[in-house]
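Asker: Please read through the structure below; I'll follow up with questions.
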Amino acid sequence: MRMTAFEDVSLRALMLLSAADGTQPLATRAIAEGVGTPYNHVSKAVLRLRELGLVESTRGRAGGVQLSDLGRRATVGSVLRALDTRTDLTECESPGGDCPLMFQCNLRSALRHAREAFYRALDDVLVSSLPHSRQMGPVLVQLGVRPFAGTA
């Protein structure tokens, strides 16, 4: 199973927000800098994470993005499941024509089950448990943010 770039950026943004102490919101530009991803990609990810209720955002000079309570409890599996927009892992239907084996195909079902097994394996992993001080410390210092006390 391969994550999309959008899913990867979204998880990295959540990890960064998990590592921050939460007393001050982070600007989307700071998140982009912290995760090493272009601003426009991060802003789209933050918008989707906000729609899912995983982050809260405020506008204005002192505004920014913070992890919501739901975001602190989110698992990697639940986040990936919510962000996955792919209907099928196979290209059964394409502009060049449909697969001739599509009728009563068991491959699509097997791949759907495999994808769900992948998510279930990640359902016990809290996103907020992933960042640790050696990893996030230098990034947070660069951004001028204090680490969350729970960051191991």
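Labels used: A, B, ... for chains in the order of the structure tokens, numbers from 1 for residues in each chain, and numbers from 1 for ligands as shown.
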Taking the DSSP assignment computed from this structure's backbone, write out as a CSV table (one decimal) with N, CA, C and O atoms, in the first residue's frame all residues of range 8-116 of chain A that belong to alpha helix (DSSP H).
Answerer:
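Result file selection.csv:
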```
chain,number,residue,atom,x,y,z
A,8,ASP,N,0.7,12.0,3.0
A,8,ASP,CA,2.0,12.1,3.7
A,8,ASP,C,2.1,13.6,4.3
A,8,ASP,O,2.5,13.7,5.5
A,9,VAL,N,1.8,14.6,3.5
A,9,VAL,CA,1.9,15.9,4.0
A,9,VAL,C,1.0,16.2,5.1
A,9,VAL,O,1.3,16.8,6.1
A,10,SER,N,-0.2,15.6,5.0
A,10,SER,CA,-1.2,15.8,6.1
A,10,SER,C,-0.7,15.2,7.4
A,10,SER,O,-0.9,15.8,8.5
A,11,LEU,N,-0.2,14.0,7.3
A,11,LEU,CA,0.3,13.3,8.5
A,11,LEU,C,1.5,14.0,9.1
A,11,LEU,O,1.6,14.2,10.3
A,12,ARG,N,2.4,14.5,8.3
A,12,ARG,CA,3.5,15.3,8.8
A,12,ARG,C,3.1,16.6,9.5
A,12,ARG,O,3.6,17.0,10.5
A,13,ALA,N,2.1,17.3,8.9
A,13,ALA,CA,1.5,18.5,9.5
A,13,ALA,C,0.9,18.1,10.9
A,13,ALA,O,1.2,18.9,11.9
A,14,LEU,N,0.2,17.0,11.0
A,14,LEU,CA,-0.4,16.6,12.3
A,14,LEU,C,0.7,16.3,13.3
A,14,LEU,O,0.6,16.6,14.5
A,15,MET,N,1.8,15.6,12.8
A,15,MET,CA,2.9,15.3,13.7
A,15,MET,C,3.5,16.6,14.3
A,15,MET,O,3.8,16.7,15.5
A,16,LEU,N,3.8,17.5,13.4
A,16,LEU,CA,4.4,18.8,13.8
A,16,LEU,C,3.5,19.5,14.8
A,16,LEU,O,3.9,20.0,15.9
A,17,LEU,N,2.2,19.6,14.6
A,17,LEU,CA,1.2,20.2,15.5
A,17,LEU,C,1.2,19.4,16.8
A,17,LEU,O,1.0,20.0,17.9
A,18,SER,N,1.3,18.1,16.7
A,18,SER,CA,1.3,17.3,18.0
A,18,SER,C,2.5,17.6,18.8
A,18,SER,O,2.4,17.5,20.1
A,19,ALA,N,3.6,17.9,18.2
A,19,ALA,CA,4.9,18.1,18.9
A,19,ALA,C,4.9,19.5,19.6
A,19,ALA,O,5.6,19.8,20.5
A,28,THR,N,0.4,28.6,8.8
A,28,THR,CA,0.5,27.5,7.7
A,28,THR,C,1.9,27.6,7.1
A,28,THR,O,2.5,26.6,6.7
A,29,ARG,N,2.4,28.8,6.9
A,29,ARG,CA,3.8,28.9,6.3
A,29,ARG,C,4.8,28.3,7.2
A,29,ARG,O,5.8,27.7,6.7
A,30,ALA,N,4.6,28.4,8.5
A,30,ALA,CA,5.6,27.8,9.5
A,30,ALA,C,5.5,26.3,9.4
A,30,ALA,O,6.5,25.6,9.5
A,31,ILE,N,4.3,25.8,9.3
A,31,ILE,CA,4.1,24.3,9.2
A,31,ILE,C,4.8,23.9,7.9
A,31,ILE,O,5.5,22.8,7.9
A,32,ALA,N,4.6,24.6,6.8
A,32,ALA,CA,5.2,24.2,5.5
A,32,ALA,C,6.7,24.2,5.7
A,32,ALA,O,7.4,23.2,5.2
A,33,GLU,N,7.3,25.2,6.3
A,33,GLU,CA,8.7,25.2,6.5
A,33,GLU,C,9.1,24.0,7.4
A,33,GLU,O,10.1,23.4,7.1
A,34,GLY,N,8.4,23.8,8.5
A,34,GLY,CA,8.7,22.7,9.4
A,34,GLY,C,8.7,21.3,8.8
A,34,GLY,O,9.5,20.5,9.2
A,35,VAL,N,7.8,21.1,7.9
A,35,VAL,CA,7.7,19.8,7.3
A,35,VAL,C,8.4,19.7,5.9
A,35,VAL,O,8.4,18.6,5.3
A,39,TYR,N,4.2,25.6,0.5
A,39,TYR,CA,3.1,26.2,1.2
A,39,TYR,C,1.8,25.8,0.6
A,39,TYR,O,0.8,25.5,1.4
A,40,ASN,N,1.6,25.9,-0.7
A,40,ASN,CA,0.3,25.6,-1.3
A,40,ASN,C,-0.1,24.1,-1.0
A,40,ASN,O,-1.3,23.9,-0.8
A,41,HIS,N,0.8,23.2,-0.9
A,41,HIS,CA,0.4,21.8,-0.6
A,41,HIS,C,0.0,21.7,0.9
A,41,HIS,O,-1.0,21.1,1.2
A,42,VAL,N,0.7,22.4,1.7
A,42,VAL,CA,0.4,22.3,3.2
A,42,VAL,C,-1.0,23.1,3.4
A,42,VAL,O,-1.8,22.6,4.2
A,43,SER,N,-1.2,24.2,2.7
A,43,SER,CA,-2.5,24.9,3.0
A,43,SER,C,-3.7,24.0,2.5
A,43,SER,O,-4.7,24.0,3.2
A,44,LYS,N,-3.5,23.3,1.5
A,44,LYS,CA,-4.6,22.4,1.1
A,44,LYS,C,-4.8,21.3,2.1
A,44,LYS,O,-5.9,20.9,2.4
A,45,ALA,N,-3.7,20.7,2.6
A,45,ALA,CA,-3.8,19.7,3.6
A,45,ALA,C,-4.4,20.2,4.9
A,45,ALA,O,-5.3,19.6,5.5
A,46,VAL,N,-4.0,21.4,5.3
A,46,VAL,CA,-4.6,22.0,6.5
A,46,VAL,C,-6.1,22.2,6.4
A,46,VAL,O,-6.9,22.0,7.3
A,47,LEU,N,-6.5,22.7,5.2
A,47,LEU,CA,-7.9,22.9,4.9
A,47,LEU,C,-8.7,21.6,5.1
A,47,LEU,O,-9.7,21.6,5.7
A,48,ARG,N,-8.2,20.5,4.5
A,48,ARG,CA,-8.9,19.3,4.6
A,48,ARG,C,-8.9,18.7,6.1
A,48,ARG,O,-9.9,18.2,6.5
A,49,LEU,N,-7.8,18.9,6.8
A,49,LEU,CA,-7.7,18.5,8.2
A,49,LEU,C,-8.7,19.3,9.0
A,49,LEU,O,-9.3,18.7,10.0
A,50,ARG,N,-8.9,20.5,8.7
A,50,ARG,CA,-9.9,21.4,9.4
A,50,ARG,C,-11.3,20.9,9.1
A,50,ARG,O,-12.1,20.8,10.0
A,51,GLU,N,-11.6,20.5,7.9
A,51,GLU,CA,-12.9,20.0,7.5
A,51,GLU,C,-13.2,18.7,8.3
A,51,GLU,O,-14.3,18.4,8.6
A,69,ASP,N,-8.9,18.6,19.9
A,69,ASP,CA,-9.0,17.4,20.8
A,69,ASP,C,-9.1,16.2,20.0
A,69,ASP,O,-8.4,15.2,20.3
A,70,LEU,N,-9.9,16.2,18.9
A,70,LEU,CA,-10.1,15.0,18.1
A,70,LEU,C,-8.7,14.7,17.4
A,70,LEU,O,-8.4,13.5,17.2
A,71,GLY,N,-8.0,15.7,17.0
A,71,GLY,CA,-6.7,15.5,16.4
A,71,GLY,C,-5.7,14.9,17.3
A,71,GLY,O,-4.9,14.1,16.9
A,72,ARG,N,-5.7,15.2,18.6
A,72,ARG,CA,-4.8,14.6,19.5
A,72,ARG,C,-5.1,13.1,19.7
A,72,ARG,O,-4.3,12.3,20.1
A,73,ARG,N,-6.4,12.7,19.5
A,73,ARG,CA,-6.8,11.3,19.7
A,73,ARG,C,-6.8,10.5,18.4
A,73,ARG,O,-7.1,9.3,18.4
A,76,VAL,N,-3.3,7.0,13.0
A,76,VAL,CA,-2.8,7.0,11.7
A,76,VAL,C,-3.8,6.3,10.7
A,76,VAL,O,-4.1,6.9,9.7
A,77,GLY,N,-4.4,5.2,11.2
A,77,GLY,CA,-5.3,4.5,10.3
A,77,GLY,C,-6.6,5.3,10.0
A,77,GLY,O,-7.0,5.4,8.9
A,78,SER,N,-7.1,6.0,11.0
A,78,SER,CA,-8.3,6.8,10.8
A,78,SER,C,-8.1,8.0,9.9
A,78,SER,O,-8.9,8.4,9.1
A,79,VAL,N,-6.9,8.6,10.1
A,79,VAL,CA,-6.6,9.8,9.3
A,79,VAL,C,-6.4,9.3,7.8
A,79,VAL,O,-6.9,10.0,6.9
A,80,LEU,N,-5.6,8.3,7.6
A,80,LEU,CA,-5.4,7.8,6.2
A,80,LEU,C,-6.7,7.4,5.6
A,80,LEU,O,-7.0,7.7,4.4
A,81,ARG,N,-7.6,6.7,6.3
A,81,ARG,CA,-8.9,6.3,5.8
A,81,ARG,C,-9.7,7.5,5.4
A,81,ARG,O,-10.4,7.5,4.4
A,82,ALA,N,-9.7,8.5,6.2
A,82,ALA,CA,-10.5,9.8,5.9
A,82,ALA,C,-9.9,10.5,4.7
A,82,ALA,O,-10.7,11.2,4.0
A,83,LEU,N,-8.6,10.5,4.5
A,83,LEU,CA,-8.0,11.2,3.5
A,83,LEU,C,-8.0,10.5,2.1
A,83,LEU,O,-7.8,11.1,1.1
A,107,LEU,N,-10.1,-9.6,-7.9
A,107,LEU,CA,-9.0,-8.8,-7.5
A,107,LEU,C,-9.4,-7.6,-6.8
A,107,LEU,O,-8.8,-7.2,-5.8
A,108,ARG,N,-10.4,-6.9,-7.3
A,108,ARG,CA,-10.8,-5.6,-6.7
A,108,ARG,C,-11.2,-5.8,-5.3
A,108,ARG,O,-10.8,-5.1,-4.4
A,109,SER,N,-12.0,-6.9,-5.0
A,109,SER,CA,-12.4,-7.2,-3.6
A,109,SER,C,-11.2,-7.5,-2.8
A,109,SER,O,-11.1,-7.0,-1.6
A,110,ALA,N,-10.3,-8.3,-3.3
A,110,ALA,CA,-9.1,-8.7,-2.5
A,110,ALA,C,-8.2,-7.4,-2.2
A,110,ALA,O,-7.7,-7.3,-1.0
A,111,LEU,N,-8.1,-6.5,-3.1
A,111,LEU,CA,-7.3,-5.3,-2.9
A,111,LEU,C,-8.0,-4.4,-1.9
A,111,LEU,O,-7.4,-3.7,-1.0
A,112,ARG,N,-9.4,-4.3,-1.9
A,112,ARG,CA,-10.1,-3.5,-0.9
A,112,ARG,C,-9.9,-4.1,0.5
A,112,ARG,O,-9.7,-3.3,1.4
A,113,HIS,N,-9.9,-5.4,0.6
A,113,HIS,CA,-9.7,-6.0,1.9
A,113,HIS,C,-8.2,-5.8,2.4
A,113,HIS,O,-8.0,-5.5,3.6
A,114,ALA,N,-7.3,-5.8,1.5
A,114,ALA,CA,-5.9,-5.6,1.8
A,114,ALA,C,-5.7,-4.1,2.3
A,114,ALA,O,-5.0,-3.9,3.3
A,115,ARG,N,-6.4,-3.2,1.6
A,115,ARG,CA,-6.3,-1.8,2.0
A,115,ARG,C,-6.9,-1.6,3.4
A,115,ARG,O,-6.3,-0.9,4.3
A,116,GLU,N,-8.0,-2.2,3.7
A,116,GLU,CA,-8.6,-2.1,5.0
A,116,GLU,C,-7.7,-2.7,6.1
A,116,GLU,O,-7.6,-2.2,7.2
```
Asker: DSSP on the backbone, then: every residue of chain A marked strand (DSSP E or B), written as a list of chain:residue names.
Answerer: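 Selection result, strand (DSSP E or B) within chain A: A:Ala20, A:Leu26, A:Val55, A:Glu56, A:Ser57, A:Thr58, A:Gly64, A:Val65, A:Gln66, A:Leu67, A:Thr75, A:Leu126, A:Pro147.
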Asker: Generate the output file for the selected residues, C-alpha atoms, as a PDB file, in the first residue's frame.
Answerer:
```pdb
ATOM      1  CA  ALA A  20       4.134  21.855  19.501  1.00  0.00           C
ATOM      2  CA  LEU A  26       1.284  27.866  14.023  1.00  0.00           C
ATOM      3  CA  VAL A  55      -7.220  20.902  13.491  1.00  0.00           C
ATOM      4  CA  GLU A  56      -8.670  24.260  14.436  1.00  0.00           C
ATOM      5  CA  SER A  57      -7.680  27.460  12.728  1.00  0.00           C
ATOM      6  CA  THR A  58      -8.061  31.128  13.523  1.00  0.00           C
ATOM      7  CA  GLY A  64      -2.856  29.983  12.889  1.00  0.00           C
ATOM      8  CA  VAL A  65      -3.483  26.280  13.198  1.00  0.00           C
ATOM      9  CA  GLN A  66      -3.663  24.091  16.288  1.00  0.00           C
ATOM     10  CA  LEU A  67      -4.451  20.461  16.848  1.00  0.00           C
ATOM     11  CA  THR A  75      -4.921   7.378  14.797  1.00  0.00           C
ATOM     12  CA  LEU A 126      -1.900   7.621  17.651  1.00  0.00           C
ATOM     13  CA  PRO A 147       7.623  21.457  22.395  1.00  0.00           C
TER      14      PRO A 147
END
```
Asker: Name the closest residue to Gly36 in chain A among the candidates A:Val139, A:Val127, A:Thr23, A:Leu54; distances are taken between atoms, counting only C-alpha atoms.
Answerer: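 Of the candidates, the smallest distance to Gly36 in chain A is held by A:Val139.
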